[in-house]
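Have a look at start-v2.cif; it's mmCIF, C-alpha atoms:
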data_data
loop_
_atom_site.group_PDB
_atom_site.id
_atom_site.type_symbol
_atom_site.label_atom_id
_atom_site.label_comp_id
_atom_site.auth_asym_id
_atom_site.auth_seq_id
_atom_site.Cartn_x
_atom_site.Cartn_y
_atom_site.Cartn_z
ATOM 1 C CA ASN A 460 -82.961 -79.308 -303.074
ATOM 2 C CA LEU A 461 -84.919 -80.536 -300.058
ATOM 3 C CA LEU A 462 -86.160 -83.640 -301.877
ATOM 4 C CA ILE A 463 -82.658 -84.545 -303.066
ATOM 5 C CA THR A 464 -81.199 -83.921 -299.607
ATOM 6 C CA MET A 465 -83.712 -86.228 -297.956
ATOM 7 C CA LEU A 466 -83.216 -88.870 -300.648
ATOM 8 C CA LEU A 467 -79.475 -88.769 -299.922
ATOM 9 C CA ALA A 468 -80.220 -88.939 -296.185
ATOM 10 C CA GLY A 469 -82.156 -92.139 -296.872
ATOM 11 C CA LEU A 470 -79.200 -93.608 -298.752
ATOM 12 C CA TRP A 471 -76.890 -92.529 -295.941
ATOM 13 C CA HIS A 472 -78.935 -94.598 -293.482
ATOM 14 C CA GLY A 473 -78.587 -97.767 -295.511
ATOM 15 C CA ALA A 474 -78.346 -99.387 -298.901
ATOM 16 C CA GLY A 475 -81.880 -100.698 -299.170
ATOM 17 C CA TRP A 476 -85.033 -99.656 -300.956
ATOM 18 C CA ASN A 477 -86.783 -99.053 -297.666
ATOM 19 C CA PHE A 478 -84.218 -96.353 -296.795
ATOM 20 C CA VAL A 479 -84.555 -94.775 -300.237
ATOM 21 C CA LEU A 480 -88.339 -94.739 -299.778
ATOM 22 C CA TRP A 481 -87.920 -93.318 -296.274
ATOM 23 C CA GLY A 482 -85.839 -90.427 -297.607
ATOM 24 C CA LEU A 483 -88.182 -89.883 -300.561
ATOM 25 C CA TRP A 484 -91.238 -89.951 -298.246
ATOM 26 C CA HIS A 485 -89.805 -87.338 -295.898
ATOM 27 C CA GLY A 486 -88.561 -85.204 -298.773
ATOM 28 C CA MET A 487 -91.985 -85.236 -300.448
ATOM 29 C CA MET A 488 -93.749 -84.468 -297.185
ATOM 30 C CA LEU A 489 -91.387 -81.588 -296.397
ATOM 31 C CA CYS A 490 -92.090 -80.157 -299.858
ATOM 32 C CA LEU A 491 -95.866 -80.757 -299.855
ATOM 33 C CA PHE A 492 -96.875 -80.209 -296.222
ATOM 34 C CA PRO A 493 -96.511 -76.395 -296.219
ATOM 35 C CA SER A 494 -98.943 -76.160 -299.148
ATOM 36 C CA ILE A 495 -101.746 -78.063 -297.355
ATOM 37 C CA PRO A 496 -104.426 -75.550 -296.351
ATOM 38 C CA LEU A 497 -105.470 -76.036 -292.737
ATOM 39 C CA PRO A 498 -108.348 -74.211 -291.021
ATOM 40 C CA ARG A 499 -106.832 -71.390 -288.972
ATOM 41 C CA ARG A 500 -108.531 -72.387 -285.697
ATOM 42 C CA MET A 501 -107.479 -76.024 -286.020
ATOM 43 C CA GLN A 502 -104.052 -75.359 -287.494
ATOM 44 C CA PRO A 503 -101.862 -76.205 -284.472
ATOM 45 C CA LEU A 504 -103.707 -79.376 -283.458
ATOM 46 C CA LEU A 505 -104.391 -80.661 -286.964
ATOM 47 C CA GLY A 506 -100.867 -79.777 -288.089
ATOM 48 C CA TRP A 507 -99.396 -81.689 -285.160
ATOM 49 C CA PHE A 508 -101.637 -84.704 -285.846
ATOM 50 C CA LEU A 509 -100.744 -84.810 -289.559
ATOM 51 C CA THR A 510 -97.052 -84.422 -288.745
ATOM 52 C CA MET A 511 -97.223 -87.389 -286.359
ATOM 53 C CA ILE A 512 -98.988 -89.555 -288.964
ATOM 54 C CA ILE A 513 -96.349 -88.653 -291.557
ATOM 55 C CA ILE A 514 -93.478 -89.399 -289.170
ATOM 56 C CA PHE A 515 -94.995 -92.677 -287.947
ATOM 57 C CA TYR A 516 -95.431 -93.900 -291.509
ATOM 58 C CA GLY A 517 -91.834 -92.890 -292.174
ATOM 59 C CA TRP A 518 -90.756 -95.101 -289.277
ATOM 60 C CA LEU A 519 -92.659 -97.966 -290.881
ATOM 61 C CA LEU A 520 -90.670 -97.442 -294.092
ATOM 62 C CA PHE A 521 -87.422 -97.192 -292.153
ATOM 63 C CA ARG A 522 -87.882 -100.379 -290.134
ATOM 64 C CA ALA A 523 -89.412 -102.610 -292.832
ATOM 65 C CA GLN A 524 -87.263 -105.512 -294.002
ATOM 66 C CA SER A 525 -88.362 -105.590 -297.648
ATOM 67 C CA MET A 526 -90.780 -104.100 -300.160
ATOM 68 C CA ASP A 527 -93.204 -106.967 -299.454
ATOM 69 C CA HIS A 528 -93.008 -106.133 -295.762
ATOM 70 C CA ILE A 529 -93.752 -102.455 -296.534
ATOM 71 C CA MET A 530 -96.784 -103.474 -298.600
ATOM 72 C CA ALA A 531 -98.056 -105.847 -295.908
ATOM 73 C CA LEU A 532 -97.652 -103.238 -293.166
ATOM 74 C CA THR A 533 -99.253 -100.493 -295.259
ATOM 75 C CA THR A 534 -102.187 -102.752 -296.145
ATOM 76 C CA SER A 535 -102.649 -103.678 -292.487
ATOM 77 C CA LEU A 536 -102.996 -99.978 -291.636
ATOM 78 C CA PHE A 537 -106.168 -99.791 -293.716
ATOM 79 C CA THR A 538 -107.759 -103.146 -292.880
ATOM 80 C CA TRP A 539 -109.525 -103.776 -289.605
ATOM 81 C CA SER A 540 -108.800 -106.927 -287.686
ATOM 82 C CA PHE A 541 -108.994 -107.805 -284.025
ATOM 83 C CA PRO A 542 -105.602 -109.263 -283.102
ATOM 84 C CA LEU A 543 -105.394 -111.961 -280.455
ATOM 85 C CA TRP A 544 -102.971 -109.969 -278.317
ATOM 86 C CA ILE A 545 -105.385 -107.053 -277.821
ATOM 87 C CA GLY A 546 -106.975 -108.642 -274.736
ATOM 88 C CA SER A 547 -103.654 -108.960 -272.905
ATOM 89 C CA TYR A 548 -102.698 -105.456 -274.053
ATOM 90 C CA ILE A 549 -105.861 -103.972 -272.542
ATOM 91 C CA LEU A 550 -105.277 -105.924 -269.320
ATOM 92 C CA ASN A 551 -101.672 -104.682 -269.071
ATOM 93 C CA LEU A 552 -102.818 -101.151 -269.815
ATOM 94 C CA ALA A 553 -105.416 -101.332 -267.054
ATOM 95 C CA VAL A 554 -102.927 -102.776 -264.557
ATOM 96 C CA PHE A 555 -100.387 -100.036 -265.234
ATOM 97 C CA MET A 556 -102.763 -97.121 -265.746
ATOM 98 C CA THR A 557 -105.044 -97.656 -262.736
ATOM 99 C CA PRO A 558 -102.419 -96.670 -260.127
ATOM 100 C CA LEU A 559 -101.297 -93.725 -262.249
ATOM 101 C CA LEU A 560 -104.857 -92.543 -262.686
ATOM 102 C CA ALA A 561 -105.506 -92.933 -258.949
ATOM 103 C CA MET A 562 -102.429 -90.824 -258.203
ATOM 104 C CA GLN A 563 -103.551 -88.156 -260.659
ATOM 105 C CA ILE A 564 -106.983 -87.985 -259.056
ATOM 106 C CA TRP A 565 -105.395 -87.839 -255.593
ATOM 107 C CA GLN A 566 -103.030 -85.049 -256.670
ATOM 108 C CA HIS A 567 -105.848 -83.068 -258.232
ATOM 109 C CA ARG A 568 -108.008 -83.300 -255.101
ATOM 110 C CA THR A 569 -105.289 -82.716 -252.500
ATOM 111 C CA ASN A 570 -102.928 -80.445 -254.453
ATOM 112 C CA THR A 571 -99.925 -82.543 -253.382
ATOM 113 C CA ILE A 572 -97.372 -84.203 -255.610
ATOM 114 C CA PHE A 573 -96.500 -87.033 -253.209
ATOM 115 C CA PRO A 574 -99.777 -88.598 -252.148
ATOM 116 C CA MET A 575 -99.521 -90.290 -248.743
ATOM 117 C CA LEU A 576 -96.056 -91.765 -249.395
ATOM 118 C CA PRO A 577 -93.997 -89.886 -246.797
ATOM 119 C CA HIS A 578 -96.611 -90.529 -244.094
ATOM 120 C CA ASN A 579 -97.181 -94.287 -244.296
ATOM 121 C CA ARG A 580 -94.150 -96.599 -244.268
ATOM 122 C CA MET A 581 -96.149 -99.725 -245.159
ATOM 123 C CA ILE A 582 -97.604 -98.170 -248.302
ATOM 124 C CA LYS A 583 -94.228 -96.730 -249.283
ATOM 125 C CA SER A 584 -92.485 -100.096 -248.779
ATOM 126 C CA ALA A 585 -95.189 -101.970 -250.700
ATOM 127 C CA LEU A 586 -94.988 -99.565 -253.636
ATOM 128 C CA MET A 587 -91.198 -99.809 -253.717
ATOM 129 C CA ALA A 588 -91.422 -103.618 -253.673
ATOM 130 C CA ILE A 589 -93.938 -103.535 -256.527
ATOM 131 C CA CYS A 590 -91.620 -101.267 -258.523
ATOM 132 C CA VAL A 591 -88.674 -103.631 -257.978
ATOM 133 C CA ILE A 592 -90.765 -106.674 -258.937
ATOM 134 C CA MET A 593 -92.161 -104.962 -262.056
ATOM 135 C CA THR A 594 -88.666 -103.866 -263.093
ATOM 136 C CA THR A 595 -87.389 -107.428 -262.655
ATOM 137 C CA VAL A 596 -90.304 -108.974 -264.556
ATOM 138 C CA PHE A 597 -90.118 -106.593 -267.495
ATOM 139 C CA TRP A 598 -86.335 -106.218 -267.679
ATOM 140 C CA ASN A 599 -85.103 -106.761 -271.232
ATOM 141 C CA THR A 600 -82.162 -109.149 -270.890
ATOM 142 C CA LYS A 601 -81.668 -109.594 -274.622
ATOM 143 C CA GLY A 602 -80.924 -105.965 -275.370
ATOM 144 C CA THR A 603 -81.551 -104.177 -278.604
ATOM 145 C CA PRO A 604 -78.704 -104.143 -281.114
ATOM 146 C CA PHE A 605 -77.577 -100.747 -282.345
ATOM 147 C CA ILE A 606 -79.293 -100.249 -285.705
ATOM 148 C CA TYR A 607 -76.152 -99.151 -287.572
ATOM 149 C CA PHE A 608 -74.346 -102.398 -286.700
ATOM 150 C CA GLN A 609 -76.544 -104.098 -289.323
ATOM 151 C CA PHE A 610 -74.524 -102.600 -292.193
#
Can you present the structure in this file as C-alpha cells?
Amino acid sequence: NLLITMLLAGLWHGAGWNFVLWGLWHGMMLCLFPSIPLPRRMQPLLGWFLTMIIIFYGWLLFRAQSMDHIMALTTSLFTWSFPLWIGSYILNLAVFMTPLLAMQIWQHRTNTIFPMLPHNRMIKSALMAICVIMTTVFWNTKGTPFIYFQF
C-alpha cells in the first residue's frame, strides 16, 4: 500500500519518469528503512543522517530533467572532482561565517545576545549598512518560477 501510494504521489507531481522514480524511491525507502538494523546507541544520529541522505537523493530525482540527467548526477555523487567554483565558495563562506562566528564567541564569553550593538552607534550603523549592501548585492531579481507552473 505504501509503495503504491508513493508511486501515485510521484505521478501526481508530474508526468515524467523522474517523478515516477521519485515516488518509487520514497516508497521503497519507507518500506525498507524500518528494517535496517541500527546500533542502539547510534540510532538517533545515524537514523537522522540516513534519512537526510535518502531525502536529498529524492530531491535529485525530483529536480532532474531527464533520465540522462539523473544518471549524470548520480555518477557525480560517487566520483571525486575539484570544481572550479569551490575556491569562490570557500571565500564566500569565510566572508559570511567569520562575523557569525565572532558573534557566537562574543555571546558565549559575555552571556549577551546583542554584543555591543546598543552601546556603539558607529558599529550599529556600519553593520546595518553592510546588511543593506549585502541584501542589494545578493537580491534575486529574476525570481524562481513556481514549480507546478511547468505542467
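Nearest residue to Leu462 in chain A among A:Val479, A:Ile529, A:Ile549, A:Leu489 is A:Leu489, counting only C-alpha atoms.
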Run through the PyMOL selection byres ((chain A and resi 525) around 12) on the given coordinates and return the selected residues as a ChimeraX atom specification.
/A:474-480,519-524,526-532
What does the structure give for the distance between CA of Thr603 in chain A and CA of His472 in chain A, in Å to one decimal?
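Answer for the CA of Thr603 in chain A to CA of His472 in chain A separation: 17.9 Å.
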Can you tell me, as a PDB file with C-alpha atoms, in the coordinates of the input, what residues are no more than 9 Å from range 500-515 of chain A when counting only C-alpha atoms, ignoring any on the same chain fewer than 4 positions away?
ATOM      1  CA  TRP A 484     -91.238 -89.951-298.246  1.00  0.00           C
ATOM      2  CA  HIS A 485     -89.805 -87.338-295.898  1.00  0.00           C
ATOM      3  CA  MET A 488     -93.749 -84.468-297.185  1.00  0.00           C
ATOM      4  CA  PHE A 492     -96.875 -80.209-296.222  1.00  0.00           C
ATOM      5  CA  PRO A 496    -104.426 -75.550-296.351  1.00  0.00           C
ATOM      6  CA  LEU A 519     -92.659 -97.966-290.881  1.00  0.00           C
ATOM      7  CA  LEU A 520     -90.670 -97.442-294.092  1.00  0.00           C
TER       8      LEU A 520
END
Distance of CA of Ala561 in chain A from CA of Ser547 in chain A, expressed in Å to one decimal place:
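If I compute the distance from CA of Ser547 in chain A to CA of Ala561 in chain A, I get 21.3 Å.
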Please write the residues picked by the PyMOL selection byres ((chain A and resi 468) around 10) on this file as a count of residues only.
18
